[in-house]
Structure formats: structure tokens, C-alpha cells
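Following: one structure in C-alpha cells, then a few remarks.
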Amino acid sequence: MDTTILLGKIIKDYMDARYIKLNKLASGLGVSSDIVAKMLNGKRKISAVEYLRICDILEVKPGYFKDLMDNQISGSANAKAR
């Protein structure tokens, strides 16, 4: 899976699990909800500055989503090796 798509999915899953609305993220980033939707659906890359701002808005450490993404990638690799 493309890392752009995976990162967006992980952030979206995090927000869904905590009932965080797309508009909150859009407002915090100063962009439209359409742009945030594209980010979360992997149709637009998330810049480093945007990523750090997303982490700030969602009140997680900058490495949080990267660690989740790395775990999913390594888990997928282990499943394929079986």
C-alpha cells in the first residue's frame, strides 16, 4: 500500500475512533474540508508542516502516526512471508 494512502487512513481511523470531525482538522490547518478529505483518502500528499500541525491539532506526538504506519507495514510484510 502507498504510504500516502496508509498515513491518511491511519489518521482518519484515529479521528473516527474519537469522533473528531473533519471540519476541526480543516479549521486548524486553515484549509477546506475538501482538501483534508483528499489528504485522508490518499489523493493529496500531506506535507511535513501539515503533518506536524495535524499532530498538534489531534494532540499526539509527531511520531505517533508514523509508528502506527511502520507497525502496519511490518505486520503486512510478516503476513506475506508466512
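Starting from 1 in every chain, residues are counted up; chains themselves are A, B, ... following the order of the C-alpha cells, and ligands are numbered from 1 as listed.
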Please identify all polymer residues within 10 Å of Asp70 of chain A, counting only C-alpha atoms, omitting same-chain residues fewer than 5 positions from it, and present them as a ChimeraX atom specification. /A:3,6-7,65,75-76
Select from chain A everything DSSP, run on the backbone, classes as helix (DSSP H, G or I), then give the selection as a VMD selection string. chain A and resid 3 to 17 22 to 29 33 to 40 48 to 57 64 to 81
Within 8 Å of segment 13-28 of chain A using only C-alpha atoms, minus same-chain residues under 4 positions, as number ranges by chain: A: 9, 32-33, 35-37, 53-54, 57-58
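For the choices A:Asp34, A:Asp2, A:Leu40, A:Ile10, the atom-to-atom distance to Asp67 of chain A is smallest for A:Ile10 when using only C-alpha atoms.
Atom CA of Glu50 of chain A is found 10.1 Å from atom CA of Gly30 of chain A.
Of note, atom CA of Leu29 of chain A and atom CA of Lys43 of chain A are spaced 17.1 Å apart.
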Pick out the residues sitting within 8 Å of Pro62 of chain A, and hand them over as a PyMOL selection string; count only C-alpha atoms, and ignore anything fewer than 4 positions along from it in its own chain. chain A and resi 51-52+55-56+66
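For the pair atom CA of Gln72 of chain A and atom CA of Val60 of chain A, the interatomic distance is 18.2 Å.
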